[in-house]
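Below: the structure, in structure tokens.
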Amino acid sequence: MDLNRRQFLLTSSAAAGAVGVGSGLTTRFWGLDGDPVHDPATDGDKVIPTFCEMCFWKCGVLAHVKDGTVTKLVGNPDHPLAKGRLCPRGTGGTGLLYDPDRLKKPLIRKGERGEQRFEEVSWEEALDRVAAKLKEVKEKHGAESLALFNHGYGASFFKTLVAAYGSPSVGAPSYAQCRGSRDVAFQLTYGAPVGSPEYLDIENSRVLTLIGSHLGENMHNTQVQEFAAMIEKGGELVVVDPRFSTAAGKARYWLPIKPGTDMALLLAWMHVIVKEGRYNKAFVEANTVGFEQLAAHLADKTPEWAWARTSIAPELIVETARFIAGAAPASLVHPGRHTSWNGDDTQRGRAIAILNALLGSWGAAGGFFLPSKLKVPPTALPPMPKPERKAPDTPRGAVFPFMDEGLAHGLRDASIPGTAEFDIKAWFVYGSNLIQSLPNPEKTIEAIQHLDFFVAVDVLPAEITGWADVVLPECTYLERWDDLAITPWKEPFVSVRQEVVPPMFDSKPGWWIAKELGKRLGLADYFPWESAETMVKARLEAGKYDVAAMLRTGVAGGKRAAVTTEEGATAVYGTPSGKIELFSQQMADAGLAPMPEYTPPEAPAADQFHLLFGRSPVHTFGRTTNNRFLSEIYAENEVWLNTRVAREQGFKTGDKVILVNQDGKKSAAIKVKVTQRIRPDCVYMVHGYGHTDKRLGFAAGRGADDTQLVSRVKIDAAMGGTGMNVNFVRLERAGEAA
Ligand SMILES: Nc1nc2c(c(=O)[nH]1)N[C@H]1C(S)=C(S)[C@@H](COP(=O)(O)OP(=O)(O)OC[C@H]3O[C@@H](n4cnc5c(=O)[nH]c(N)nc54)[C@H](O)[C@@H]3O)O[C@H]1N2
Ligand SMILES: Nc1nc2c(c(=O)[nH]1)N[C@H]1C(S)=C(S)[C@@H](COP(=O)(O)OP(=O)(O)OC[C@H]3O[C@@H](n4cnc5c(=O)[nH]c(N)nc54)[C@H](O)[C@@H]3O)O[C@H]1N2
Ligand code: SF4
Ligand SMILES: [Mo]
């Protein structure tokens, strides 16, 4: 392990250096060996392929094991998402496996919720307790009153469990607090998903436009590798961000936009492109409906009009519009991922989708590729019971016409007595630290206080587990089998997650926990296999895959299919018109603007800043901030403050401040980072710090949590997402705060 740790620090600090200065992004910038299997330094290691869970991208991993210890994790060269490399977080997975603070035994709460007094119990006792409580909840209130909150691949078994139990009440912050609005926008416009991983041919883009998407800090491996390859090949970048992001350091154009005004820029870009006839006429003619209406809608969205709103000079808007259009169709406007910003996010997503249609990038090399998918027969299960009540995740009377997944914040709100939609009495939380990921954390705690029962399944003593009645310690992804990952991609493929080392302590894999609970709840038929291993093997055999080869290489498939129209792939638009809908009749019918409109954001008071937040390249939210390996590189977040403002207000780098938002909510103390890389009206911090659970021996008390400051949201009328970039903060010196 020591060798691994040294090696890791060596390679990763090189990576962090490169990222920090916003340069040195090369295809091999995290410095790992390209040929891990034959690396002489690993002589004698057993190499076991699996896939990563340090975030949700699912890169193929080759885990090296020596004497029962995982010594290093490298990218699987055969895996299309990893291409032989992992991001720093994936490399640091052993820091999770060997985290001394891991949950080690099942826990049952003693005393009041939140007091964090627990008793270690046997699995038998913990599972019996959970099953008895879930039965009681169903008898008293109906199955619908159990809510499942989830994130991560292992959740599949618990989704089955909760569906079999009879509850439709399922939500994940990765929808309404993350990518939901963008998914809905592309579905509305193209009648096709944008994918996760997104179907982006970044590698071949001649111009890539990033609106917020902070690739290089957002470390989604394949995209960052392709991004680097694109730059090496001479591709150009337009970055729109109030902050000079790592990507901005590589850009031809950095547009430091006023927060919340991107829609005005997008409309003005389209105005220029349409007015100057720079759109892809053949593509628009053949594939879209509503161009005439769009052109009329754009007529008054001039660069001058947008200038007053965005603060981007009209000449620059014209120049960048021409630059973006000039590279079409290999001009990709990134659809974004974490798009729950201002409440008009589906509309902004539509504007991005429409701009891409004007460029003709859908189905083009360097644009959106048209993926294909392998088939593997599913495990046959009995039919799921039909719930009698709907999930109470939308406020009574509210209709979000295009919402296509559950709203996690809605389920939370429906757990608070006195609200009209009150119907949730018990929580099952799998891999989601709701205290840090749902806006308005005080409401999350209030909801928990009223529950009849709350069980959490986690690997670490994250804040959420401190509030649970029963805590079930799952083993990490390196210690378990999970279901197969079947990924639609340029080269469609299937990957396998297998146990690299046996579960440590008294932790258990999710499949086992779900199956055991299923048995106790009379739902054993929904888990008709011995183990996830036998289930995976049976699926592969049924699909006529070479099981032994699959387990040896970790991945099957991988032959490139036709993915662009030039190669012969056909785009199928699943919209009502069968075309790309520039004008959306579906939106109009739902009473929403059929073409994106600009909504002005509120302005902060004179002493306030827009609160921006984002990612550290070496961490995934708060789930890695206790990881000693990764924290050697970045141990504590800081608040970015513009140099001029810092001078005027007398702050310098390292000063400790408290952020106070428009509602008087306060952050923990956080250090100032004075920088020219941010607009004077904004501050920025990395999400995932300010842990309060003392059992997180390393992370507790480091930095501050942006979630504490997200007490206001703007709700997306199309799909119910929570725009969270609408909070303002002022700075108080720590110690001086009243
Ligand atoms: N290393 C790492 N990578 C990750 C993750 C992680 O935790 N760690 N998480 C993954 C997940 S789940 C997601 S959803 C993605 C999120 O990552 P992205 O989707 O790339 O980013 P966002 O959170 O949308 O945006 C953050 C950026 O937007 C800028 N920004 C803030 N307000 C505005 C605005 O009004 N206009 C514009 N144009 N820019 C603005 C911020 O300055 C910041 O640079 O990252 C993924 N990748
Ligand atoms: N204020 C604010 N809120 C946000 C964001 C933000 O930037 N700022 N980002 C939003 C975004 S983009 C997203 S996607 C959501 C994500 O928010 P969540 O759904 O809460 O996801 P994570 O933060 O990944 O949840 C991490 C939890 O999973 C646990 N975990 C890790 N691995 C495993 C495992 O193998 N098994 C189990 N059982 N548990 C595991 C971790 O210990 C941790 O407790 O948050 C959203 N909320
Ligand atoms: S992007 Fe990084 S953390 Fe996410 S799955 Fe890939 S290697 Fe793991
Ligand atoms: Mo996300």
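Identifiers in the structure tokens: chain A, B, ... in order shown; residue index from 1 per chain; ligand index from 1 in order shown.
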
Go through the chains and note each residue within 6 Å of ligand 1, using only C-alpha atoms and all ligand atoms, then give the set as an MDAnalysis selection string.
chainID A and resid 178 211:215 217:220 240:243 245 259:260 262 336:339 612:621

Find the residues near ligand 2. Use a cut-off of 6 Å, count only C-alpha atoms and all ligand atoms, and write them as a ChimeraX atom specification.
/A:151,172-174,177-178,338,430-434,437-438,457-460,462,474,476-477,613-614,621-623,687,706-707

If you keep C-alpha atoms, can you produce a file of those selected residues as a PDB file, in the first residue's frame?
```
ATOM      1  CA  HIS A 151     -27.347   7.709  -6.287  1.00  0.00           C
ATOM      2  CA  ALA A 172     -32.362  11.173  -6.851  1.00  0.00           C
ATOM      3  CA  PRO A 173     -30.706  14.570  -6.457  1.00  0.00           C
ATOM      4  CA  SER A 174     -28.916  13.745  -9.705  1.00  0.00           C
ATOM      5  CA  GLN A 177     -30.646  19.128  -8.611  1.00  0.00           C
ATOM      6  CA  CYS A 178     -28.460  18.182 -11.572  1.00  0.00           C
ATOM      7  CA  HIS A 338     -25.250  20.171 -13.818  1.00  0.00           C
ATOM      8  CA  TYR A 430     -28.819   4.614  -0.663  1.00  0.00           C
ATOM      9  CA  GLY A 431     -25.589   6.464  -1.533  1.00  0.00           C
ATOM     10  CA  SER A 432     -26.985   9.951  -1.311  1.00  0.00           C
ATOM     11  CA  ASN A 433     -25.853  12.472   1.272  1.00  0.00           C
ATOM     12  CA  LEU A 434     -29.087  14.447   1.208  1.00  0.00           C
ATOM     13  CA  SER A 437     -27.127  17.624  -1.837  1.00  0.00           C
ATOM     14  CA  LEU A 438     -30.655  18.959  -1.347  1.00  0.00           C
ATOM     15  CA  VAL A 457     -27.044   2.339   3.286  1.00  0.00           C
ATOM     16  CA  ASP A 458     -23.630   3.942   2.884  1.00  0.00           C
ATOM     17  CA  VAL A 459     -19.914   3.202   2.935  1.00  0.00           C
ATOM     18  CA  LEU A 460     -18.924   6.168   5.092  1.00  0.00           C
ATOM     19  CA  ALA A 462     -21.668  10.766   5.935  1.00  0.00           C
ATOM     20  CA  GLU A 474     -22.135  -1.382   2.354  1.00  0.00           C
ATOM     21  CA  THR A 476     -17.071  -0.372  -1.476  1.00  0.00           C
ATOM     22  CA  TYR A 477     -17.276  -0.982  -5.225  1.00  0.00           C
ATOM     23  CA  PHE A 613     -20.061  26.609  -7.002  1.00  0.00           C
ATOM     24  CA  GLY A 614     -18.437  23.761  -8.887  1.00  0.00           C
ATOM     25  CA  PHE A 621     -18.688  16.233  -4.122  1.00  0.00           C
ATOM     26  CA  GLY A 622     -18.357  15.423  -0.433  1.00  0.00           C
ATOM     27  CA  ARG A 623     -17.987  11.703  -1.053  1.00  0.00           C
ATOM     28  CA  HIS A 687     -18.955  21.869  -3.370  1.00  0.00           C
ATOM     29  CA  ASP A 706     -22.219  25.753  -0.133  1.00  0.00           C
ATOM     30  CA  THR A 707     -25.469  23.876   0.562  1.00  0.00           C
TER      31      THR A 707
END
```

Fewer than 6 positions away in the same chain doesn't count, so skip those; otherwise give me all residues within 9 Å of A:Ala717, counting only C-alpha atoms, as a list in words.
Gly343, Asp344, Thr346, Val399, Phe400, Pro401, Phe402 and Leu592 of chain A

For ligand 3, collect every residue having any atom at a distance of at most 6 Å from a ligand atom (counting only C-alpha atoms and all ligand atoms); output as a count of residues only.
15

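The space separating atom CA of A:Phe149 from atom CA of A:Ser122 comes to 24.5 Å.
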
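With atom CA of A:Arg206 on one side and atom CA of A:Ala353 on the other, the separation reads 18.1 Å.
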
Have a look at A:Asn342, A:Ser196, A:Gln223, A:Ser711 and name the one nearest to ligand 4; count only C-alpha atoms and all ligand atoms.
A:Ser196

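The residue that comes closest to A:Ala365, out of A:Gly522, A:Pro80, A:Pro329, A:Gly578 and on the basis of only C-alpha atoms, is A:Pro329.
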
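You will find atom CA of A:Val207 at 28.3 Å from atom CA of A:Met685.
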
Could you give me, as JSON, numbers by chain, the residues within 7 Å of stretch 289-302 of chain A, counting only C-alpha atoms and dropping anything in the same chain fewer than 5 positions from it?
{"A": [267, 268, 271, 274, 579, 580, 581, 582, 583]}

Selection file, all heavy atoms, as a PDB file, in the first residue's frame:
```
ATOM      1  N   LEU A 267     -29.460  33.487 -27.389  1.00  0.00           N
ATOM      2  CA  LEU A 267     -30.414  34.047 -28.361  1.00  0.00           C
ATOM      3  C   LEU A 267     -29.693  34.991 -29.327  1.00  0.00           C
ATOM      4  O   LEU A 267     -29.953  34.989 -30.529  1.00  0.00           O
ATOM      5  CB  LEU A 267     -31.548  34.767 -27.621  1.00  0.00           C
ATOM      6  CG  LEU A 267     -32.507  33.841 -26.832  1.00  0.00           C
ATOM      7  CD1 LEU A 267     -33.448  34.663 -25.952  1.00  0.00           C
ATOM      8  CD2 LEU A 267     -33.306  32.931 -27.759  1.00  0.00           C
ATOM      9  N   ALA A 268     -28.765  35.787 -28.790  1.00  0.00           N
ATOM     10  CA  ALA A 268     -28.049  36.741 -29.656  1.00  0.00           C
ATOM     11  C   ALA A 268     -27.122  36.007 -30.630  1.00  0.00           C
ATOM     12  O   ALA A 268     -26.997  36.392 -31.793  1.00  0.00           O
ATOM     13  CB  ALA A 268     -27.272  37.732 -28.800  1.00  0.00           C
ATOM     14  N   HIS A 271     -29.321  34.831 -33.243  1.00  0.00           N
ATOM     15  CA  HIS A 271     -29.739  35.986 -34.046  1.00  0.00           C
ATOM     16  C   HIS A 271     -28.699  36.252 -35.138  1.00  0.00           C
ATOM     17  O   HIS A 271     -29.040  36.372 -36.322  1.00  0.00           O
ATOM     18  CB  HIS A 271     -29.883  37.210 -33.119  1.00  0.00           C
ATOM     19  CG  HIS A 271     -30.056  38.512 -33.840  1.00  0.00           C
ATOM     20  ND1 HIS A 271     -31.285  39.078 -34.067  1.00  0.00           N
ATOM     21  CD2 HIS A 271     -29.148  39.357 -34.401  1.00  0.00           C
ATOM     22  CE1 HIS A 271     -31.129  40.208 -34.736  1.00  0.00           C
ATOM     23  NE2 HIS A 271     -29.840  40.402 -34.945  1.00  0.00           N
ATOM     24  N   VAL A 274     -28.494  33.339 -37.743  1.00  0.00           N
ATOM     25  CA  VAL A 274     -29.642  33.306 -38.668  1.00  0.00           C
ATOM     26  C   VAL A 274     -29.607  34.525 -39.588  1.00  0.00           C
ATOM     27  O   VAL A 274     -29.726  34.412 -40.811  1.00  0.00           O
ATOM     28  CB  VAL A 274     -30.972  33.224 -37.875  1.00  0.00           C
ATOM     29  CG1 VAL A 274     -32.169  33.476 -38.793  1.00  0.00           C
ATOM     30  CG2 VAL A 274     -31.093  31.854 -37.211  1.00  0.00           C
ATOM     31  N   LYS A 579     -39.336  15.417 -36.262  1.00  0.00           N
ATOM     32  CA  LYS A 579     -38.207  16.280 -36.645  1.00  0.00           C
ATOM     33  C   LYS A 579     -37.670  16.972 -35.387  1.00  0.00           C
ATOM     34  O   LYS A 579     -38.274  16.904 -34.318  1.00  0.00           O
ATOM     35  CB  LYS A 579     -38.711  17.367 -37.605  1.00  0.00           C
ATOM     36  CG  LYS A 579     -39.328  16.811 -38.870  1.00  0.00           C
ATOM     37  CD  LYS A 579     -38.447  17.093 -40.047  1.00  0.00           C
ATOM     38  CE  LYS A 579     -39.005  16.423 -41.279  1.00  0.00           C
ATOM     39  NZ  LYS A 579     -38.507  16.987 -42.501  1.00  0.00           N
ATOM     40  N   ILE A 580     -36.575  17.682 -35.575  1.00  0.00           N
ATOM     41  CA  ILE A 580     -36.044  18.494 -34.479  1.00  0.00           C
ATOM     42  C   ILE A 580     -36.981  19.687 -34.317  1.00  0.00           C
ATOM     43  O   ILE A 580     -37.219  20.420 -35.285  1.00  0.00           O
ATOM     44  CB  ILE A 580     -34.621  18.986 -34.794  1.00  0.00           C
ATOM     45  CG1 ILE A 580     -33.698  17.807 -35.089  1.00  0.00           C
ATOM     46  CG2 ILE A 580     -34.081  19.833 -33.649  1.00  0.00           C
ATOM     47  CD1 ILE A 580     -32.337  18.216 -35.654  1.00  0.00           C
ATOM     48  N   GLU A 581     -37.477  19.891 -33.097  1.00  0.00           N
ATOM     49  CA  GLU A 581     -38.505  20.920 -32.910  1.00  0.00           C
ATOM     50  C   GLU A 581     -37.905  22.230 -32.412  1.00  0.00           C
ATOM     51  O   GLU A 581     -37.709  22.426 -31.212  1.00  0.00           O
ATOM     52  CB  GLU A 581     -39.611  20.381 -31.997  1.00  0.00           C
ATOM     53  CG  GLU A 581     -40.196  19.080 -32.582  1.00  0.00           C
ATOM     54  CD  GLU A 581     -41.572  18.700 -32.080  1.00  0.00           C
ATOM     55  OE1 GLU A 581     -41.953  19.122 -30.969  1.00  0.00           O
ATOM     56  OE2 GLU A 581     -42.268  17.956 -32.821  1.00  0.00           O
ATOM     57  N   LEU A 582     -37.618  23.119 -33.348  1.00  0.00           N
ATOM     58  CA  LEU A 582     -37.112  24.446 -32.975  1.00  0.00           C
ATOM     59  C   LEU A 582     -38.229  25.203 -32.268  1.00  0.00           C
ATOM     60  O   LEU A 582     -38.016  25.871 -31.268  1.00  0.00           O
ATOM     61  CB  LEU A 582     -36.653  25.203 -34.223  1.00  0.00           C
ATOM     62  CG  LEU A 582     -35.681  24.453 -35.144  1.00  0.00           C
ATOM     63  CD1 LEU A 582     -35.293  25.312 -36.338  1.00  0.00           C
ATOM     64  CD2 LEU A 582     -34.427  24.008 -34.380  1.00  0.00           C
ATOM     65  N   PHE A 583     -39.417  25.076 -32.822  1.00  0.00           N
ATOM     66  CA  PHE A 583     -40.630  25.549 -32.173  1.00  0.00           C
ATOM     67  C   PHE A 583     -41.253  24.321 -31.525  1.00  0.00           C
ATOM     68  O   PHE A 583     -41.476  23.318 -32.198  1.00  0.00           O
ATOM     69  CB  PHE A 583     -41.587  26.141 -33.214  1.00  0.00           C
ATOM     70  CG  PHE A 583     -42.897  26.599 -32.633  1.00  0.00           C
ATOM     71  CD1 PHE A 583     -43.089  27.935 -32.303  1.00  0.00           C
ATOM     72  CD2 PHE A 583     -43.942  25.704 -32.416  1.00  0.00           C
ATOM     73  CE1 PHE A 583     -44.301  28.362 -31.757  1.00  0.00           C
ATOM     74  CE2 PHE A 583     -45.150  26.119 -31.856  1.00  0.00           C
ATOM     75  CZ  PHE A 583     -45.326  27.452 -31.536  1.00  0.00           C
TER      76      PHE A 583
END
```

Mind listing the strand (DSSP E) residues of stretch 52-142 of chain A, per DSSP on the backbone, as a PyMOL selection string?
chain A and resi 60-66+69-75+107-110+117-120

A:Met595 environment, 7 Å, only C-alpha atoms, sequence neighbours closer than 2 positions dropped, as a VMD selection string:
chain A and resid 583 to 584 593 597

Can you list every residue in stretch 102-342 of chain A that DSSP puts in alpha helix (DSSP H), as JSON, numbers by chain?
{"A": [123, 124, 125, 126, 127, 128, 129, 130, 131, 132, 133, 134, 135, 136, 137, 138, 139, 140, 141, 156, 157, 158, 159, 160, 161, 162, 163, 164, 165, 173, 174, 180, 181, 182, 183, 184, 185, 186, 187, 188, 189, 190, 221, 222, 223, 224, 225, 226, 227, 228, 229, 230, 231, 232, 262, 263, 264, 265, 266, 267, 268, 269, 270, 271, 272, 273, 274, 275, 281, 282, 283, 284, 285, 286, 287, 291, 292, 293, 294, 295, 296, 297, 298, 303, 304, 305, 306, 307, 308, 309, 310, 314, 315, 316, 317, 318, 319, 320, 321, 322, 323, 324, 325, 326]}
